[in-house]
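Engineer: After the C-alpha cells below, expect a handful of questions from me.
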Amino acid sequence: MAAAEAGSLVAAVLAPSGRLDKQDLGTRLGRLSRRVQELKGEVCAVINSKYSEFLPSVQAAEELRAQVQELCGSIDLLKAGIESEVQRDLNVAVAEFTELKQQLERDTLVLSILKKLQEFDIAMEKYNTAFLEKKYVAAAQHLETARSSLRLLESRKGFELKILKALGTELTVQTQNMLYHLGEEWQKLAVWKLPPSKEGSSLESVVHSELHLHTVSSKEEEIAGTSVASVLQAFAVLGELHTKLKIFGQLLLKHILKPLILYPSLQPCTEEQSDVFILRFKSEEPSLDHSSPMKVFDKIKLIFEVLHKYLLNVPLEQPVEDKKGCGVTLAELLGDMIWEDLSDCLIQNCLVNSIPTNSSKLEQYIEVIKSTEEFEKALKNMQFLKEDTTDLLKYARNVNSHFANKKCQDVIVAARNLMTSEIHNTVKITPDSCVALPKLPNPGAGDHSKMPKASELLHNNMVNLENKTKLSQHTFSLPTCRISSSVEKLMELAYQTLLEATSSTDQCCIQLFYSVRNIFQLFHDVVPTYHKENLQKLPQLAAIHHNNCMYIAHHLLTLGHQFRYRLTNILCDGAATFVDMVPGFRRLGTECFLAQMRVQKGEILERLSSARNFSNMDDEENYRAANKAIRQVLHQLKRLGKVWQDVLPVNVYCKAMGTLLNTALTEIVTRITALEDISAEDANRLYSLCRIMVEEGPQVFTPLPEDDKNKKYQEEVPVYVQKWMTFKELMIILQANLQEIVDQWADGKGPLAAEFSAAEVKSLIRALFQNTERRAAALAKIK
C-alpha cells in the first residue's frame with residue numbers, strides 16, 4: 001500500500017500539468033520526503049518481526065545436526081565390528097552348508113543308482129524264473145523293466161559305472177535268447193511248407209504250398225505253458241511283433257492271397273487234424289480266363305476266417321512298439337500291413353476284369369457291388385479292416401466311370417491295331433455300299449425329328465416347288481473304289497461306339513463320343529507315320545490311302561448328324577459333330593497321293609532325259625536311246641494303270657493318268673521345239689516316235705477290269721491330257737510342207753495357232769526347212 005502511494009506521489013510530481021511554479025514544487029517534494037520516511041520505518045519494523053521468528057528455527061536445526069553426527073559415529077563403529085567378527089563366522093557356516101549339500105546330493109544319487117541296480121537285478125531274476133516256466137509274456141515284461149532301469153542309469157551324465165556295460169551285454173544276450181526261443185515257438189505254431197524259391201509264385205508252386213497252424217486246447221496250453229497268444233504278446237512287448245507279422249503278411253500275400261486272385265483254377269482246401277489245421281490248394285480246370293469277384297471274395301474270406309480262428313484272434317493287452325493303446329488285435333495289425341497291396345491286387349486283377357464291356361450289362365454289376373459290400377463287412381467283423389476302409393467298395397460303386405474308361409481304352413486299342421494292320425487288304429466300295437449301321441432307337445419326344453416334315457408343310461400350304469430335274473440317287477455318294485478292310489472295320493467300330501454312347505450315362509456318353517473323335521485324330525497322326533515308307537514307295541498303297549482318307553471324310557460329314565439327337569443334351573447343342581475334321585482328312589489323302597504323283601513325274605522325266613534331247617535322230621544310236629525312253633515311259637504308265645485299276649475312282653484315275661501322260665508329252669514337245677536343226681530323216685523318225693505315243697498312250701487308260709468298258713475313257717484322252725492336241729499338231733508339222741503349215745496357221749485362227757505361239761511355229765519352220773524365199777514368205781505369214 002505504502003509503495004503504491006509513493007508511486008502515485010512520484011507520478012503526480014512528474015506528470016506534466018502545464019505551467020508549474022517553484023512554491024508548488026517545493027510543497028510536493030516535502031510531502032514526498034515525509035512519506036518516504038514513514039515507509040522506511042514500516043519496513044524496519046517488519047524485518048525485526050521476521051528475524052525474531054527465524055532465530056529459534058536456526059537453533060533447533062543446529063541441535064539436530066549435532067545429534068545426526070553423533071549417530072553416524074555409532075553406526076561406523078557397529079559396521080567395523082560386524083566386518084571384523086560376524087562376517088568371518090558367516091563364511092565358515094556357508095562353506096560347511098555347501099559341503100553338506102554336495103554330500104547329500106552324492107548320497108542321494110548313489111542311493112537312486114543302487115535302487116535301479118536292485119530293480120534291474122530283481123527284474124532279471126524274475127525274468128529267469130518266468131522264462132523257465134515258459135511264461136513268455138511275464139518274462140518279456142521283466143526284460144522291459146530291466147531295460148528301462150538300465151536306460152535310466154545310462155542317461156545320468158557324469159556318473160559312469162563299468163558295470164553298466166556288463167549289464168547291457170547281459171540284457172542283450174537274454175533278449176536275443178528269448179527272441180530265439182519265441183521264434184522257434186512261432187515256427188511251431190505257423191509252419192510254411194513251400195517249394196524251392198526258384199519256382200516263384202507260379203500256379204505249380206502254389207499247388208505244392210501248405211500252411212500248418214498248430215492248434216491245442218486250453219487245458220493243453222496250461223500244461224505246456226505255450227500258446228499263440230503268449231508268444232505273440234511276448235513279441236509285442238519286446239517290439240518284434242511288427243517284424244514277424246510283416247514277414248508273415250508278405251508270405252501270405254505271395255503264396256496264398258495273390259495266387260487265389262490271379263489263378264481262377266486255384267481252390268483252397270482245408271484239413272483239420274487233432275493238433276494242426278492244414279491249408280493247401282488244388283488246381284481245377286478253369287471255365288473262364290478270369291474269376292468272378294464273388295468267387296474270389298469267397299476264397300479270400302475263407303483264408304481270413306481260418307487265420308482269425310486259429311492264429312490272429314489275439315488281443316494285445318500290452319502296448320506294442322508303435323505305442324498303440326490296449327484293445328488292438330493281431331488281425332487289425334496284419335490288416336494294416338497287407339490291405340493296401342491286397343486291395344490293389346483285387347482291383348487290378350479282379351474288379352477291372354469284371355467291368356462290363358457293354359452298357360447293357362451294367363445292371364448286372366449290382367451283384368458285384370453287393371458282393372464287395374459283404375466282403376468288406378466280413379473283414380471288418382473279423383477286425384482285419386477298420387470301419388473307414390472302403391477302397392474296394394469305392395472302386396466298385398464307381399463302375400460307370402470305370403466302364404467308360406475301359407470302353408474308351410478298348411476302343412482306342414482296337415482302333416490302333418486296325419491302323420497298324422496291312423493297308424493292301426482291300427474291299428470294294430460302291431455307291432450302294434454303306435456301313436453296317438445298327439438300327440438306331442427312335443428319338444424321344446421333343447427331338448427335332450418330331451418337327452413337321454417339309455412335305456407336310458408344302459401340302460398344307462398348297463405350294464408345289466418341286467423341280468422337274470431330279471438329282472441322281474448317287475449324287476452325294478462315294479464313287480466306286482477300293483479301301484482297306486481295316487478302315488471299313490474302323491468306321492464300323494466308330495458307329496458301334498456311338499451307338500453304345502446313346503444308351504450310356506451322360507458322363508460315359510461324352511467320353512465315348514470324344515473317344516470316337518480320338519480314333520480319327522489317331523488315324524490322322526499314326527497311319528502316315530507308321531506306313532510312311534510303304535506309302536512313299538508303293539503307288540498302289542498311296543492310292544488306297546487316298547481312298548481311305550476320302551472314305552473317312554465322306555462319313556464324317558454326316559456321322560455327327562446321325563447321332564446328334566440321340567446323345568446327351570450336352571452334345572446336342574452343336575458339339576456332336578465331326579465336320580471340322582473333314583478338311584484335314586481330305587488334305588491328308590490328297591497330299592499323300594500328290595507326293596506319289598510327284599515321284600512318278602520325276603521318274604518319267606528321268607527316263608526322257610536319256611533320249612538325248614531327241615536330236616540327230618538320223619544317228620541310229622540316238623534313235624534307239626529315244627525309242628527306249630519312249631517305251632520305258634509307256635511301260636511305266638501301263639504299270640501304273642494296272643496298279644491303280646479298280647482301286648481309284650474312275651474320275652481320279654483318269655485325271656492322274658492324264659496328268660502323268662501330259663507330263664511326258666509336254667517334255668517331248670519342249671525338247672523337239674527347242675531343236676535348231678531337224679533334217680528330213682530326223683523329222684520322219686521323230687514322227688514315228690510321236691506316233692508310238694499317240695497310238696499306245698490311250699491304252700494306259702484302263703480304270704476298269706473289263707476292257708470293253710475302258711474304250712470310253714480311251715476315246716476321251718483329250719479331255720484328261722491337256723497337251724494331247726498340241727502333240728498331234730506337232731506331228732502334223734513334222735510331216736507337213738510349208739504351205740500346209742501356213743494353212744494350219746490360217747492367219748492365227750487355225751488349229752495350229754490354238755496350240756503353238758507364232759515364235760514356236762517360226763522356230764520349227766527354221767529347224768525343218770532350209771533358208772529359201774519360200775521359207776521367208778511362209779515365216780512372214782506366221783504372225
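Ordering of the C-alpha cells sets the chain letters (A, B, ...), residue numbers begin anew at 1 in every chain, and ligands are numbered from 1 in the order given.
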Residues at most 10 Å from Gly584 (chain A), counting only C-alpha atoms, excluding those fewer than 3 positions away in the same chain, as a list of chain:residue names?
Structural biologist: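 In the requested form, the answer reads A:Gln521, A:His524, A:Cys549, A:Ala553, A:Val579, A:Asp580, A:Met581, A:Arg587, A:Leu588, A:Gly589, A:Thr590.
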Engineer: Put those residues in a file: N, CA, C and O atoms, as a PDB file, in the first residue's frame.
Structural biologist:
```pdb
ATOM      1  N   GLN A 521      -8.509 -88.774 -84.939  1.00  0.00           N
ATOM      2  CA  GLN A 521      -7.297 -87.982 -84.738  1.00  0.00           C
ATOM      3  C   GLN A 521      -6.077 -88.895 -84.703  1.00  0.00           C
ATOM      4  O   GLN A 521      -5.014 -88.562 -85.248  1.00  0.00           O
ATOM      5  N   HIS A 524      -5.198 -89.904 -88.183  1.00  0.00           N
ATOM      6  CA  HIS A 524      -4.534 -88.782 -88.854  1.00  0.00           C
ATOM      7  C   HIS A 524      -3.051 -88.709 -88.482  1.00  0.00           C
ATOM      8  O   HIS A 524      -2.208 -88.310 -89.313  1.00  0.00           O
ATOM      9  N   CYS A 549      -8.750 -92.074 -96.795  1.00  0.00           N
ATOM     10  CA  CYS A 549      -8.978 -90.744 -96.220  1.00  0.00           C
ATOM     11  C   CYS A 549     -10.273 -90.133 -96.757  1.00  0.00           C
ATOM     12  O   CYS A 549     -11.049 -89.522 -96.004  1.00  0.00           O
ATOM     13  N   ALA A 553     -13.542 -89.143 -94.588  1.00  0.00           N
ATOM     14  CA  ALA A 553     -14.065 -87.778 -94.668  1.00  0.00           C
ATOM     15  C   ALA A 553     -15.528 -87.795 -95.114  1.00  0.00           C
ATOM     16  O   ALA A 553     -16.353 -87.007 -94.624  1.00  0.00           O
ATOM     17  N   VAL A 579     -17.569 -82.619 -88.578  1.00  0.00           N
ATOM     18  CA  VAL A 579     -17.346 -81.893 -89.826  1.00  0.00           C
ATOM     19  C   VAL A 579     -16.019 -81.150 -89.806  1.00  0.00           C
ATOM     20  O   VAL A 579     -15.369 -80.993 -90.846  1.00  0.00           O
ATOM     21  N   ASP A 580     -15.600 -80.689 -88.633  1.00  0.00           N
ATOM     22  CA  ASP A 580     -14.350 -79.938 -88.555  1.00  0.00           C
ATOM     23  C   ASP A 580     -13.134 -80.776 -88.926  1.00  0.00           C
ATOM     24  O   ASP A 580     -12.074 -80.232 -89.261  1.00  0.00           O
ATOM     25  N   MET A 581     -13.268 -82.113 -88.898  1.00  0.00           N
ATOM     26  CA  MET A 581     -12.143 -82.984 -89.208  1.00  0.00           C
ATOM     27  C   MET A 581     -12.081 -83.343 -90.695  1.00  0.00           C
ATOM     28  O   MET A 581     -11.088 -83.914 -91.154  1.00  0.00           O
ATOM     29  N   ARG A 587      -7.207 -83.358 -96.981  1.00  0.00           N
ATOM     30  CA  ARG A 587      -5.844 -82.875 -97.231  1.00  0.00           C
ATOM     31  C   ARG A 587      -4.821 -83.992 -97.042  1.00  0.00           C
ATOM     32  O   ARG A 587      -3.860 -84.104 -97.810  1.00  0.00           O
ATOM     33  N   LEU A 588      -5.047 -84.842 -96.026  1.00  0.00           N
ATOM     34  CA  LEU A 588      -4.126 -85.943 -95.757  1.00  0.00           C
ATOM     35  C   LEU A 588      -4.072 -86.911 -96.943  1.00  0.00           C
ATOM     36  O   LEU A 588      -2.982 -87.312 -97.393  1.00  0.00           O
ATOM     37  N   GLY A 589      -5.242 -87.289 -97.479  1.00  0.00           N
ATOM     38  CA  GLY A 589      -5.262 -88.195 -98.614  1.00  0.00           C
ATOM     39  C   GLY A 589      -4.701 -87.556 -99.868  1.00  0.00           C
ATOM     40  O   GLY A 589      -3.940 -88.188-100.627  1.00  0.00           O
ATOM     41  N   THR A 590      -5.042 -86.290-100.093  1.00  0.00           N
ATOM     42  CA  THR A 590      -4.576 -85.603-101.297  1.00  0.00           C
ATOM     43  C   THR A 590      -3.065 -85.422-101.284  1.00  0.00           C
ATOM     44  O   THR A 590      -2.385 -85.657-102.300  1.00  0.00           O
TER      45      THR A 590
END
```
Engineer: Could you name the residues that touch region 172-184 of chain A at 10 Å or less, counting only C-alpha atoms, but leaving out those on the same chain fewer than 6 positions away, as a list in words?
Structural biologist: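 Non-adjacent residues within range: Met124, Tyr127, Asn128, Phe131, Lys134, Tyr136, Ala139, Ala140, Leu143, Glu144, Arg147, Ala166, Thr226, Ser230, Val231, Leu232, Ala234, Phe235, Leu238, Glu240 and Lys244 of chain A.
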Engineer: For the residues in that selection, give me N, CA and C atoms as a short mmCIF file (atom, residue, chain, number, x, y, z; two decimals), in the first residue's frame.
Structural biologist:
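Once written, out.cif looks like this:
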```cif
data_model
loop_
_atom_site.label_atom_id
_atom_site.label_comp_id
_atom_site.auth_asym_id
_atom_site.auth_seq_id
_atom_site.Cartn_x
_atom_site.Cartn_y
_atom_site.Cartn_z
N MET A 124 15.72 -109.13 -13.60
CA MET A 124 16.40 -110.23 -14.29
C MET A 124 16.14 -111.56 -13.59
N TYR A 127 12.71 -112.49 -14.54
CA TYR A 127 12.72 -112.93 -15.94
C TYR A 127 13.16 -114.38 -16.05
N ASN A 128 14.26 -114.72 -15.37
CA ASN A 128 14.77 -116.09 -15.45
C ASN A 128 13.74 -117.09 -14.95
N PHE A 131 10.86 -117.23 -17.51
CA PHE A 131 11.30 -117.84 -18.76
C PHE A 131 11.40 -119.36 -18.63
N LYS A 134 8.18 -120.86 -18.94
CA LYS A 134 7.58 -120.57 -20.25
C LYS A 134 6.42 -119.58 -20.14
N TYR A 136 6.04 -116.48 -21.17
CA TYR A 136 6.78 -115.58 -22.04
C TYR A 136 6.35 -114.13 -21.91
N ALA A 139 7.91 -112.84 -18.71
CA ALA A 139 9.36 -112.74 -18.91
C ALA A 139 9.70 -111.52 -19.76
N ALA A 140 8.93 -111.29 -20.81
CA ALA A 140 9.19 -110.14 -21.67
C ALA A 140 8.97 -108.83 -20.92
N LEU A 143 11.96 -108.21 -18.75
CA LEU A 143 13.08 -107.74 -19.56
C LEU A 143 12.93 -106.26 -19.89
N GLU A 144 11.71 -105.85 -20.20
CA GLU A 144 11.48 -104.45 -20.50
C GLU A 144 11.69 -103.57 -19.26
N ARG A 147 15.34 -103.25 -18.90
CA ARG A 147 15.86 -102.34 -19.93
C ARG A 147 15.57 -100.90 -19.56
N ALA A 166 28.57 -104.26 -18.67
CA ALA A 166 28.34 -105.69 -18.45
C ALA A 166 26.85 -105.99 -18.33
N THR A 226 2.59 -122.86 -23.37
CA THR A 226 2.82 -122.11 -24.60
C THR A 226 1.51 -122.00 -25.37
N SER A 230 0.35 -116.06 -25.98
CA SER A 230 1.52 -115.72 -25.17
C SER A 230 2.73 -115.42 -26.04
N VAL A 231 2.92 -116.19 -27.09
CA VAL A 231 4.07 -115.97 -27.97
C VAL A 231 3.96 -114.62 -28.66
N LEU A 232 2.80 -114.34 -29.25
CA LEU A 232 2.65 -113.10 -30.00
C LEU A 232 2.64 -111.88 -29.09
N ALA A 234 4.25 -111.69 -26.26
CA ALA A 234 5.64 -111.50 -25.86
C ALA A 234 6.42 -110.77 -26.95
N PHE A 235 6.17 -111.15 -28.22
CA PHE A 235 6.79 -110.42 -29.33
C PHE A 235 6.40 -108.95 -29.29
N LEU A 238 8.30 -107.05 -26.61
CA LEU A 238 9.71 -106.87 -26.97
C LEU A 238 9.88 -106.00 -28.22
N GLU A 240 9.05 -106.74 -31.36
CA GLU A 240 9.38 -107.52 -32.56
C GLU A 240 8.15 -108.03 -33.28
N LYS A 244 7.74 -109.68 -37.27
CA LYS A 244 7.24 -111.03 -37.50
C LYS A 244 5.96 -111.02 -38.34
#
```
Engineer: At a cut-off of 9 Å, using only C-alpha atoms, what residues contact Val206 (chain A)? Leave out same-chain residues fewer than 4 positions from it and give the result as a PyMOL selection string.
Structural biologist: chain A and resi 194-195+200-202+210+255-256+259+266+280-282
Engineer: Suppose you want the space between CA of Phe384 (chain A) and CA of Asp336 (chain A); what is it in Å?
Structural biologist: 7.7 Å
Engineer: Hey, what's within 9 Å of Ile303 (chain A) if we count only C-alpha atoms and toss same-chain stuff fewer than 4 positions away? As number ranges by chain, please?
Structural biologist: A: 256-257, 268, 279, 298-299, 307-308
Engineer: In Å to one decimal, how far is CA of Asn684 (chain A) from CA of Met617 (chain A)?
Structural biologist: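 Between CA of Met617 (chain A) and CA of Asn684 (chain A) the gap works out to 8.9 Å.
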Engineer: For Trp644 (chain A), find every residue with an atom within 9 Å (counting only C-alpha atoms), except residues of its own chain fewer than 4 positions away, and show them as a list in words.
Structural biologist: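 Contacts, in chain order: Pro539, Gln540, Ala543, Ile544, Arg639, Leu640, Leu648, Tyr653, Thr702 and Pro703 of chain A.
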Engineer: Interatomic distance between CA of Ala130 (chain A) and CA of Leu171 (chain A)?
Structural biologist: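 That distance, rounded to one decimal, is 15.3 Å.
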Engineer: Taking the DSSP secondary structure from the backbone, can you list the residues of region 192-276 of chain A that are helix (DSSP H, G or I), as a PyMOL selection string?
Structural biologist: chain A and resi 197-199+203-207+218-224+228-238+241-262
Engineer: For those residues, write N, CA and C atoms to a file as a CSV table (one decimal), in the first residue's frame.
Structural biologist:
```csv
chain,number,residue,atom,x,y,z
A,197,SER,N,12.5,-121.8,-53.8
A,197,SER,CA,12.2,-120.4,-54.1
A,197,SER,C,12.4,-120.1,-55.6
A,198,LYS,N,13.2,-120.9,-56.4
A,198,LYS,CA,13.4,-120.6,-57.8
A,198,LYS,C,12.1,-120.8,-58.6
A,199,GLU,N,11.1,-121.5,-58.1
A,199,GLU,CA,9.9,-121.7,-58.8
A,199,GLU,C,8.9,-120.5,-58.7
A,203,LEU,N,1.6,-121.1,-60.6
A,203,LEU,CA,0.5,-122.0,-60.2
A,203,LEU,C,1.0,-123.3,-59.7
A,204,GLU,N,2.0,-123.8,-60.3
A,204,GLU,CA,2.6,-125.1,-59.9
A,204,GLU,C,3.2,-125.1,-58.5
A,205,SER,N,3.9,-123.9,-58.2
A,205,SER,CA,4.5,-123.8,-56.9
A,205,SER,C,3.4,-123.6,-55.8
A,206,VAL,N,2.3,-122.9,-56.2
A,206,VAL,CA,1.3,-122.6,-55.2
A,206,VAL,C,0.6,-123.9,-54.8
A,207,VAL,N,0.4,-124.8,-55.8
A,207,VAL,CA,-0.3,-126.1,-55.6
A,207,VAL,C,0.5,-126.9,-54.6
A,218,SER,N,-7.3,-125.4,-24.5
A,218,SER,CA,-6.9,-124.5,-23.4
A,218,SER,C,-6.2,-125.3,-22.2
A,219,LYS,N,-6.7,-126.6,-22.0
A,219,LYS,CA,-6.0,-127.4,-20.9
A,219,LYS,C,-4.6,-127.7,-21.3
A,220,GLU,N,-4.4,-128.1,-22.6
A,220,GLU,CA,-3.1,-128.4,-23.1
A,220,GLU,C,-2.2,-127.2,-23.0
A,221,GLU,N,-2.7,-126.0,-23.3
A,221,GLU,CA,-1.9,-124.8,-23.2
A,221,GLU,C,-1.5,-124.5,-21.8
A,222,GLU,N,-2.3,-124.8,-20.8
A,222,GLU,CA,-1.9,-124.6,-19.4
A,222,GLU,C,-0.8,-125.6,-19.0
A,223,ILE,N,-0.9,-126.8,-19.5
A,223,ILE,CA,0.2,-127.8,-19.2
A,223,ILE,C,1.5,-127.4,-19.9
A,224,ALA,N,1.4,-127.1,-21.2
A,224,ALA,CA,2.6,-126.8,-22.0
A,224,ALA,C,3.1,-125.5,-21.7
A,228,VAL,N,-0.5,-119.4,-28.7
A,228,VAL,CA,-0.3,-118.4,-29.7
A,228,VAL,C,-0.4,-117.0,-29.1
A,229,ALA,N,-1.3,-116.8,-28.2
A,229,ALA,CA,-1.5,-115.5,-27.5
A,229,ALA,C,-0.2,-115.1,-26.8
A,230,SER,N,0.4,-116.1,-26.0
A,230,SER,CA,1.5,-115.7,-25.2
A,230,SER,C,2.7,-115.4,-26.0
A,231,VAL,N,2.9,-116.2,-27.1
A,231,VAL,CA,4.1,-116.0,-28.0
A,231,VAL,C,4.0,-114.6,-28.7
A,232,LEU,N,2.8,-114.3,-29.2
A,232,LEU,CA,2.7,-113.1,-30.0
A,232,LEU,C,2.6,-111.9,-29.1
A,233,GLN,N,2.0,-112.0,-27.9
A,233,GLN,CA,2.1,-110.9,-27.0
A,233,GLN,C,3.5,-110.6,-26.4
A,234,ALA,N,4.3,-111.7,-26.3
A,234,ALA,CA,5.6,-111.5,-25.9
A,234,ALA,C,6.4,-110.8,-27.0
A,235,PHE,N,6.2,-111.1,-28.2
A,235,PHE,CA,6.8,-110.4,-29.3
A,235,PHE,C,6.4,-109.0,-29.3
A,236,ALA,N,5.1,-108.7,-29.0
A,236,ALA,CA,4.7,-107.3,-28.9
A,236,ALA,C,5.4,-106.5,-27.8
A,237,VAL,N,5.5,-107.1,-26.7
A,237,VAL,CA,6.2,-106.4,-25.5
A,237,VAL,C,7.7,-106.1,-25.9
A,238,LEU,N,8.3,-107.1,-26.6
A,238,LEU,CA,9.7,-106.9,-27.0
A,238,LEU,C,9.9,-106.0,-28.2
A,241,LEU,N,7.0,-107.7,-32.8
A,241,LEU,CA,5.8,-108.2,-33.4
A,241,LEU,C,5.6,-107.7,-34.8
A,242,HIS,N,5.9,-106.4,-35.0
A,242,HIS,CA,5.7,-105.8,-36.4
A,242,HIS,C,6.5,-106.5,-37.4
A,243,THR,N,7.8,-106.8,-37.0
A,243,THR,CA,8.7,-107.5,-38.0
A,243,THR,C,8.1,-108.9,-38.3
A,244,LYS,N,7.7,-109.7,-37.3
A,244,LYS,CA,7.2,-111.0,-37.5
A,244,LYS,C,6.0,-111.0,-38.3
A,245,LEU,N,5.0,-110.1,-38.0
A,245,LEU,CA,3.8,-110.0,-38.8
A,245,LEU,C,4.0,-109.6,-40.2
A,246,LYS,N,5.0,-108.7,-40.4
A,246,LYS,CA,5.3,-108.2,-41.7
A,246,LYS,C,5.8,-109.4,-42.6
A,247,ILE,N,6.7,-110.2,-42.1
A,247,ILE,CA,7.2,-111.3,-42.8
A,247,ILE,C,6.1,-112.3,-43.1
A,248,PHE,N,5.2,-112.6,-42.1
A,248,PHE,CA,4.1,-113.5,-42.3
A,248,PHE,C,3.1,-112.9,-43.3
A,249,GLY,N,2.9,-111.6,-43.3
A,249,GLY,CA,2.0,-111.0,-44.2
A,249,GLY,C,2.5,-111.0,-45.6
A,250,GLN,N,3.8,-110.9,-45.8
A,250,GLN,CA,4.4,-111.0,-47.2
A,250,GLN,C,4.3,-112.4,-47.7
A,251,LEU,N,4.5,-113.4,-46.9
A,251,LEU,CA,4.4,-114.8,-47.3
A,251,LEU,C,2.9,-115.1,-47.6
A,252,LEU,N,2.0,-114.5,-46.8
A,252,LEU,CA,0.6,-114.7,-47.0
A,252,LEU,C,0.1,-114.2,-48.4
A,253,LEU,N,0.6,-112.9,-48.7
A,253,LEU,CA,0.3,-112.3,-49.9
A,253,LEU,C,0.9,-113.1,-51.1
A,254,LYS,N,2.1,-113.4,-51.0
A,254,LYS,CA,2.8,-114.0,-52.2
A,254,LYS,C,2.4,-115.4,-52.5
A,255,HIS,N,2.1,-116.2,-51.5
A,255,HIS,CA,1.9,-117.7,-51.7
A,255,HIS,C,0.4,-118.1,-51.5
A,256,ILE,N,-0.4,-117.2,-51.0
A,256,ILE,CA,-1.8,-117.6,-50.8
A,256,ILE,C,-2.8,-116.6,-51.5
A,257,LEU,N,-2.8,-115.3,-51.0
A,257,LEU,CA,-3.8,-114.4,-51.4
A,257,LEU,C,-3.7,-114.0,-52.9
A,258,LYS,N,-2.5,-113.5,-53.3
A,258,LYS,CA,-2.4,-113.1,-54.7
A,258,LYS,C,-2.6,-114.2,-55.7
A,259,PRO,N,-2.0,-115.4,-55.4
A,259,PRO,CA,-2.3,-116.6,-56.3
A,259,PRO,C,-3.8,-116.9,-56.4
A,260,LEU,N,-4.6,-116.8,-55.3
A,260,LEU,CA,-6.0,-117.0,-55.4
A,260,LEU,C,-6.7,-116.0,-56.3
A,261,ILE,N,-6.2,-114.8,-56.4
A,261,ILE,CA,-6.8,-113.8,-57.2
A,261,ILE,C,-6.3,-114.0,-58.7
A,262,LEU,N,-5.1,-114.3,-58.9
A,262,LEU,CA,-4.5,-114.4,-60.2
A,262,LEU,C,-4.9,-115.7,-61.0
```
Engineer: List every residue of region 103-307 of chain A that DSSP, applied to the backbone of this structure, assigns to strand (DSSP E or B), and report them as a PyMOL selection string.
Structural biologist: chain A and resi 190-193+210-214+266-272+276-283
Engineer: Near Ala595 (chain A), within 10 Å and counting only C-alpha atoms, which residues show up once chain neighbours fewer than 3 positions away are dropped, as JSON, numbers by chain?
Structural biologist: {"A": [535, 536, 539, 542, 590, 591, 592, 598, 599, 600, 601]}
Engineer: Write out as a list in words the residues lying within 8 Å of Thr577 (chain A), counting only C-alpha atoms and excluding same-chain residues fewer than 6 positions away.
Structural biologist: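 So the residues in contact are Leu559, Gly560, His561 and Arg564 of chain A.
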